[in-house]
Amino acid sequence: MPVKAGALSIALLVMAFLAPLFYNAVSPASSAEPQLVIEQKGKCVKETEYMRRYHMNLLKTARDSGVREGVRLARHGLKGCISCHPKRGEFCDRCHEYSGVTPECWNCHTYPV
Amino acid sequence: MLELPHLSRITDIMTVDRRDFLKIGAYTAAGSMLATGLPAINAIASKTAPTRKPEESWAMVIDVDKCDIDCTACVDACHKENNVPDFPEPKHDVHWIRKITFKQKHVENGEERSLPAMCFHCEYPPCAHVCPVEATFVRKDGLVLVDKHRCIGCRYCMIACPYKARSFVSRHVDHKPTDNPDVPIRMHGVVEKCTFCAHLIDQGKEPACVTSCAKKGKGAMLFGDLRDEKSEVFELVRSGKANRIRSDLGLNPRVFYLGV
Amino acid sequence: MTTRYTKIDGSSTGYRNFLIVSGAVAALAPLSALLMFTNGHYITGMNNQVPWGMPIVMAVYLIGASAGSLLLSAMSSVFGMKEYKPFSRMAALLAVLLIVSALMAIILDWGRPDRLFIPFFHIQPRSMFSLNAFLYSSYMALGLLYLWAMFNEREKLEKQLGLLAVLLAVLVHSGTGAIFGFVFVRELYNSPLLPPSFISAALSSGAALMILALYYTFKFTGRELDERHIHGLAKLMGIFIAVVLYFIFIENVTRAYAPKNYEAASFLLLNGGKYTFYFWVGLIGLGLIVPMILVLNPATNRSLKYIIPAAWMQLLGVLVERYIIVIPAQIMPLEFFHDKEITSDFLDGAYANYSVSPVEWAYSLGLVGVVVFGFAVAIKLWPILPSQANS
């Protein structure tokens, strides 16, 4: 009896871990890649591919150097983002929703929706 | 992090040799250096950025004789500039700067006077010494700041601060259309306090309270750099006329008062 | 003589009901913490004048009881006092449960408990909190290892780990005392005597806790209890209470001697309203002197009729002691000028108010529930209780 219960609970645990895979397999094909509105064409502080992957690192660096050392990296911080992408609803949120992340930046920082 | 030559600036002026104490502090702090190194990406990002030279040592001198008891220009300006929240109960309300009314003890009908009190940005800040995560730290120019991205809300700093300069955000705060977009609001559960308007200082401006006092008050507040020997602040501090509150504690605050 | 340990049977309805009730009480802790986190701390009695309230009192209290239990547990293996062997497992288990509960008390009281791991990545060696993060977590790990060694009858390892645990328990609770003792800006905190005084209070409350745990578990599991164990523990408790009294006496006399502290000393000892009452009646009278007399007086110290109430009084008395240490220092206004009265919008210069809110009561009760529930579960899962406690 205990052996059975143990096997059952392990099986349930494995199922729970794999649930997202099952969910994706049966749900309709994922929505298309998010479309970003980029009003100001031109180059960001880094090339697009880099920004897509690593913008959070740049933001974090700008944050830490601004807060802790007083070196304000204006172009690399949130202010820099706003200057080219004035609406976060048409920029930040689209990818964040697509990839299911919820950054806490605008809980405190002002970034128009 | 302690920066030896720089932080001892106030003491240089006061001609007290505290270098040995500073050394002890530096050794204790050395262990924490490892943990705070910025990631390598910092190097990439700051290649083009201006590097800040730790040349300033900010201080404030407040002339209490010029401070009117019913004037709140500094408080209003500060709370507007820094989006300081307004909570209904006085015991939970957040204060970055407040007007303190004082009179002599044991004196009948003693004269009531007032002074503004904010974070005094001590040279040896007990709040920063007790902060378990270095969320409160001393910037190179001597400002004691709270990194609200890192604060865990343990409130040890509020216990350690003798000036009650700190407030805990005990309610949820929302963005308001009237907010100053240059200063973020704070999420509940962190500790906040006066920053000497670090965001304005970094643009070469003076703190909001000082500007407002000059414009709407009698110009009781002076702000300046103790490294600049031509500044009024330096002159007043060196003259020995300016006192600090609770100097018996030995914290070396950066806010000096004249006439009290 | 060897002691045999057995699991409890745990099939009675009484046990099941006990689990349900204590589990429900334990659930109060995370639930009230969730309330504090989602609403903000304004729903508690804590405020900008009194930033530390009942959660910190409980944390300090639980850490103390934990350190005391662990020290008692190590009596037999480290100090060779074989008469304490039968309950060394119980004591070690309680030590682990109490430190878990204490860590909950601290962390869930943070404004941002979601930043749980930050203290492990950013270290500030000057901060007692930062050091304690490492002391407490290693203490917990060591406690578990020590228990494991006991379960597996690894006597040599048990002795080594026990010695290490004794050292760590002393450090842990000294560190807890230092959280307050090192705060030099508040007269009622600043004292080099707090770390040692905390350790003696830990031992006395640990002994009281052990007496009660022994008495009640043996009563409810129907095992045969040799009263001599209780007598030994009661005597120990009496001695430690005397040490606590000594420390409290010295600390307060030293403080009251300096004119700059007259205000603080008289607030605590003479005219502090409810705090003075708690100090003299709750702590000194009912918490320390009465139980000390009960367990040291030959006329009463052979009877459980007196020892059990004495243990309860001491256990609650130490809670009052923690309250008296944590709270009044924050009630006292901070002085800006020695010779001037001050007032402001921020309640400067005024005595602050603090009363324990319902959320904090639920939180504190829940933390106790966590320990009781954990204990009840563990004695069914592992051989912790001696099958009979006589030597």
# chains A, B, ... in the order shown; residues from 1 in each chain; ligands from 1
call {"tool": "closest_atom_pairs", "arguments": {"of": "chain B", "to": "chain C", "cutoff": "8 Å", "atoms": "only C-alpha atoms", "output": "CSV"}}
result
residue,atom,partner,partner_atom,distance
B:Thr28,CA,C:Pro125,CA,6.6
B:Ala29,CA,C:Pro125,CA,6.7
B:Gly31,CA,C:Pro125,CA,7.0
B:Ser32,CA,C:Ile123,CA,5.5
B:Ala35,CA,C:His122,CA,5.6
B:Thr36,CA,C:His122,CA,6.9
B:Pro90,CA,C:Phe346,CA,6.8
B:Lys91,CA,C:Asn47,CA,5.8
B:His92,CA,C:Asn47,CA,5.4
B:Asp93,CA,C:Asn48,CA,7.6
B:His95,CA,C:Phe346,CA,7.1
B:Arg98,CA,C:Asp345,CA,7.1
B:Lys99,CA,C:Ser344,CA,6.2
B:Ile100,CA,C:Ser344,CA,4.8
B:Thr101,CA,C:Thr343,CA,5.2
B:Phe102,CA,C:Ile342,CA,4.3
B:Lys103,CA,C:Lys340,CA,5.4
B:Gln104,CA,C:Lys340,CA,4.4
B:Lys105,CA,C:Lys340,CA,4.8
B:His129,CA,C:Arg126,CA,5.7
B:Val130,CA,C:Ser127,CA,4.1
B:Cys131,CA,C:Ser127,CA,5.9
B:Pro132,CA,C:Ser130,CA,4.2
B:Val133,CA,C:His122,CA,4.9
B:Glu134,CA,C:Gln124,CA,6.0
B:Arg150,CA,C:Ile118,CA,7.3
B:Cys151,CA,C:Arg112,CA,7.7
B:Ile152,CA,C:Arg112,CA,5.0
B:Gly153,CA,C:Gly111,CA,4.1
B:Cys154,CA,C:Trp110,CA,4.8
B:Arg155,CA,C:Pro51,CA,6.3
B:Met158,CA,C:Pro51,CA,6.8
B:Ile159,CA,C:Pro51,CA,7.1
B:Ala160,CA,C:Val183,CA,5.9
B:Cys161,CA,C:Val185,CA,7.2
B:Pro162,CA,C:Val185,CA,5.6
B:Tyr163,CA,C:Leu334,CA,7.2
B:Lys164,CA,C:Leu334,CA,7.6
B:Arg166,CA,C:Asn48,CA,7.9
B:Ser167,CA,C:Asn48,CA,5.8
B:Phe168,CA,C:Asn48,CA,6.2
B:Val169,CA,C:Gly40,CA,7.8
B:Ser170,CA,C:His41,CA,4.7
B:Arg171,CA,C:Gly40,CA,4.7
B:His172,CA,C:Gly40,CA,6.4
B:His188,CA,C:Gly40,CA,6.1
B:Gly189,CA,C:Gly111,CA,3.5
B:Val190,CA,C:Gly111,CA,5.9
B:Ile245,CA,C:Phe336,CA,6.3
B:Arg246,CA,C:Phe336,CA,6.2
B:Leu249,CA,C:Val185,CA,7.5
call {"tool": "interface_residues", "arguments": {"of": "chain A", "to": "chain B", "cutoff": "7 Å", "atoms": "only C-alpha atoms", "output": "MDAnalysis selection string"}}
result
chainID A and resid 61 67:71 73 107:110
call {"tool": "residues_around", "arguments": {"residues": "Leu245 in chain C", "least_positions_apart": "4", "cutoff": "8 Å", "atoms": "only C-alpha atoms", "output": "PyMOL selection string"}}
result
chain C and resi 241+249+284+288
call {"tool": "select_by_dssp", "arguments": {"residues": "range 251-359 of chain C", "states": "strand (DSSP E or B)", "output": "PDB file with N, CA, C and O atoms, in the first residue's frame"}}
result
ATOM      1  N   LYS C 340      16.050  71.350  25.514  1.00  0.00           N
ATOM      2  CA  LYS C 340      14.882  71.963  24.864  1.00  0.00           C
ATOM      3  C   LYS C 340      13.786  70.931  24.649  1.00  0.00           C
ATOM      4  O   LYS C 340      14.057  69.761  24.404  1.00  0.00           O
ATOM      5  N   GLU C 341      12.544  71.415  24.745  1.00  0.00           N
ATOM      6  CA  GLU C 341      11.413  70.558  24.397  1.00  0.00           C
ATOM      7  C   GLU C 341      11.129  70.720  22.921  1.00  0.00           C
ATOM      8  O   GLU C 341      11.170  71.828  22.411  1.00  0.00           O
ATOM      9  N   ILE C 342      10.804  69.625  22.245  1.00  0.00           N
ATOM     10  CA  ILE C 342      10.491  69.762  20.829  1.00  0.00           C
ATOM     11  C   ILE C 342       9.126  69.155  20.519  1.00  0.00           C
ATOM     12  O   ILE C 342       8.668  68.229  21.179  1.00  0.00           O
ATOM     13  N   THR C 343       8.473  69.728  19.484  1.00  0.00           N
ATOM     14  CA  THR C 343       7.217  69.168  18.983  1.00  0.00           C
ATOM     15  C   THR C 343       7.242  69.263  17.461  1.00  0.00           C
ATOM     16  O   THR C 343       7.962  70.096  16.905  1.00  0.00           O
ATOM     17  N   SER C 344       6.474  68.404  16.791  1.00  0.00           N
ATOM     18  CA  SER C 344       6.367  68.499  15.342  1.00  0.00           C
ATOM     19  C   SER C 344       5.201  67.664  14.851  1.00  0.00           C
ATOM     20  O   SER C 344       4.583  66.917  15.614  1.00  0.00           O
TER      21      SER C 344
END
call {"tool": "atom_distance", "arguments": {"atom1": "CA of Ala202 in chain C", "atom2": "CA of Met104 in chain C"}}
result
18.9 Å
call {"tool": "residues_around", "arguments": {"residues": "Gly80 in chain A", "least_positions_apart": "2", "cutoff": "12 Å", "atoms": "only C-alpha atoms", "output": "number ranges by chain"}}
result
A: 44-45, 55, 58-59, 62-63, 72-78, 82-86, 111
call {"tool": "write_last_selection", "arguments": {"atoms": "all heavy atoms", "output": "compact mmCIF listing (two decimals), in the first residue's frame"}}
result
# COMPACT_ATOMS: atom_id res chain seq x y z
N CYS A 44 19.29 51.99 -31.57
CA CYS A 44 19.24 52.06 -30.11
C CYS A 44 20.69 52.11 -29.59
O CYS A 44 21.63 52.17 -30.38
CB CYS A 44 18.50 50.85 -29.58
SG CYS A 44 17.98 51.01 -27.88
N VAL A 45 20.87 52.02 -28.30
CA VAL A 45 22.24 52.05 -27.77
C VAL A 45 23.04 50.82 -28.20
O VAL A 45 24.26 50.83 -28.20
CB VAL A 45 22.25 52.17 -26.24
CG1 VAL A 45 21.81 53.56 -25.83
CG2 VAL A 45 21.37 51.13 -25.59
N HIS A 55 18.41 43.81 -22.75
CA HIS A 55 18.10 45.18 -22.31
C HIS A 55 17.98 45.27 -20.80
O HIS A 55 18.33 46.27 -20.19
CB HIS A 55 16.82 45.67 -22.97
CG HIS A 55 15.60 44.90 -22.59
ND1 HIS A 55 15.29 43.69 -23.16
CD2 HIS A 55 14.63 45.13 -21.68
CE1 HIS A 55 14.17 43.22 -22.63
NE2 HIS A 55 13.74 44.07 -21.71
N LEU A 58 21.29 46.01 -19.21
CA LEU A 58 21.68 47.41 -19.35
C LEU A 58 20.89 48.27 -18.37
O LEU A 58 21.45 49.15 -17.70
CB LEU A 58 21.41 47.90 -20.77
CG LEU A 58 22.35 47.36 -21.85
CD1 LEU A 58 21.94 47.92 -23.20
CD2 LEU A 58 23.79 47.75 -21.54
N LEU A 59 19.59 48.00 -18.27
CA LEU A 59 18.76 48.80 -17.37
C LEU A 59 19.21 48.65 -15.93
O LEU A 59 19.28 49.61 -15.17
CB LEU A 59 17.29 48.35 -17.49
CG LEU A 59 16.55 48.88 -18.70
CD1 LEU A 59 15.22 48.16 -18.86
CD2 LEU A 59 16.32 50.37 -18.57
N ALA A 62 22.41 50.53 -15.44
CA ALA A 62 22.15 51.97 -15.37
C ALA A 62 21.53 52.31 -14.02
O ALA A 62 21.85 53.32 -13.40
CB ALA A 62 21.23 52.38 -16.51
N ARG A 63 20.64 51.45 -13.56
CA ARG A 63 19.98 51.67 -12.28
C ARG A 63 21.01 51.70 -11.15
O ARG A 63 21.07 52.64 -10.37
CB ARG A 63 18.99 50.53 -12.06
CG ARG A 63 18.31 50.56 -10.73
CD ARG A 63 17.59 49.26 -10.47
NE ARG A 63 18.45 48.33 -9.76
CZ ARG A 63 18.08 47.10 -9.42
NH1 ARG A 63 16.91 46.63 -9.78
NH2 ARG A 63 18.90 46.33 -8.74
N ARG A 72 24.73 58.89 -13.81
CA ARG A 72 23.44 58.67 -14.46
C ARG A 72 23.66 58.37 -15.93
O ARG A 72 24.03 59.24 -16.70
CB ARG A 72 22.55 59.90 -14.31
CG ARG A 72 22.52 60.45 -12.91
CD ARG A 72 21.17 60.30 -12.27
NE ARG A 72 21.28 60.61 -10.83
CZ ARG A 72 20.35 60.31 -9.96
NH1 ARG A 72 19.24 59.71 -10.32
NH2 ARG A 72 20.52 60.60 -8.68
N LEU A 73 23.46 57.11 -16.30
CA LEU A 73 23.64 56.70 -17.68
C LEU A 73 22.31 56.94 -18.40
O LEU A 73 21.54 56.00 -18.62
CB LEU A 73 24.03 55.23 -17.75
CG LEU A 73 25.25 54.84 -16.90
CD1 LEU A 73 25.39 53.34 -16.83
CD2 LEU A 73 26.50 55.47 -17.47
N ALA A 74 22.06 58.18 -18.75
CA ALA A 74 20.72 58.56 -19.21
C ALA A 74 20.26 57.72 -20.39
O ALA A 74 19.12 57.27 -20.45
CB ALA A 74 20.71 60.03 -19.57
N ARG A 75 21.14 57.48 -21.36
CA ARG A 75 20.72 56.78 -22.57
C ARG A 75 20.42 55.31 -22.29
O ARG A 75 19.66 54.68 -23.01
CB ARG A 75 21.82 56.88 -23.63
CG ARG A 75 21.67 58.12 -24.53
CD ARG A 75 22.99 58.49 -25.17
NE ARG A 75 23.64 57.35 -25.84
CZ ARG A 75 23.26 56.85 -27.02
NH1 ARG A 75 22.24 57.38 -27.64
NH2 ARG A 75 23.91 55.84 -27.55
N HIS A 76 21.04 54.75 -21.25
CA HIS A 76 20.86 53.33 -20.98
C HIS A 76 19.78 53.03 -19.97
O HIS A 76 19.48 51.89 -19.71
CB HIS A 76 22.19 52.72 -20.49
CG HIS A 76 23.27 52.78 -21.50
ND1 HIS A 76 23.93 53.95 -21.79
CD2 HIS A 76 23.79 51.83 -22.30
CE1 HIS A 76 24.83 53.71 -22.73
NE2 HIS A 76 24.77 52.44 -23.06
N GLY A 77 19.22 54.07 -19.38
CA GLY A 77 18.21 53.86 -18.35
C GLY A 77 16.80 53.93 -18.90
O GLY A 77 16.59 54.05 -20.11
N LEU A 78 15.82 53.87 -17.99
CA LEU A 78 14.42 53.94 -18.41
C LEU A 78 14.13 55.24 -19.16
O LEU A 78 13.38 55.25 -20.12
CB LEU A 78 13.51 53.88 -17.17
CG LEU A 78 13.01 52.51 -16.72
CD1 LEU A 78 12.05 52.69 -15.57
CD2 LEU A 78 12.32 51.79 -17.87
N ILE A 82 12.19 55.82 -22.76
CA ILE A 82 11.03 56.67 -22.98
C ILE A 82 11.28 57.66 -24.12
O ILE A 82 10.39 57.96 -24.90
CB ILE A 82 10.66 57.44 -21.69
CG1 ILE A 82 10.27 56.44 -20.59
CG2 ILE A 82 9.53 58.39 -21.92
CD1 ILE A 82 9.94 57.08 -19.28
N SER A 83 12.52 58.11 -24.25
CA SER A 83 12.79 59.16 -25.23
C SER A 83 12.51 58.68 -26.66
O SER A 83 12.16 59.47 -27.52
CB SER A 83 14.23 59.66 -25.09
OG SER A 83 15.12 58.64 -25.47
N CYS A 84 12.67 57.38 -26.95
CA CYS A 84 12.34 56.88 -28.28
C CYS A 84 11.03 56.11 -28.32
O CYS A 84 10.36 56.04 -29.34
CB CYS A 84 13.44 55.98 -28.82
SG CYS A 84 14.97 56.84 -29.13
N HIS A 85 10.67 55.48 -27.20
CA HIS A 85 9.46 54.66 -27.16
C HIS A 85 8.56 55.22 -26.08
O HIS A 85 8.52 54.71 -24.96
CB HIS A 85 9.80 53.20 -26.83
CG HIS A 85 11.00 52.69 -27.59
ND1 HIS A 85 10.94 52.42 -28.93
CD2 HIS A 85 12.26 52.44 -27.21
CE1 HIS A 85 12.13 52.00 -29.33
NE2 HIS A 85 12.95 52.00 -28.31
N PRO A 86 7.79 56.27 -26.42
CA PRO A 86 7.11 57.02 -25.36
C PRO A 86 5.99 56.24 -24.68
O PRO A 86 5.60 56.60 -23.58
CB PRO A 86 6.54 58.25 -26.09
CG PRO A 86 6.51 57.85 -27.51
CD PRO A 86 7.59 56.86 -27.74
N TYR A 111 6.19 55.69 -16.44
CA TYR A 111 6.36 55.36 -17.86
C TYR A 111 4.96 55.33 -18.44
O TYR A 111 4.19 54.43 -18.15
CB TYR A 111 7.03 53.99 -18.02
CG TYR A 111 7.70 53.77 -19.37
CD1 TYR A 111 8.94 53.14 -19.46
CD2 TYR A 111 7.09 54.18 -20.54
CE1 TYR A 111 9.56 52.94 -20.68
CE2 TYR A 111 7.70 53.98 -21.77
CZ TYR A 111 8.91 53.36 -21.84
OH TYR A 111 9.53 53.16 -23.05
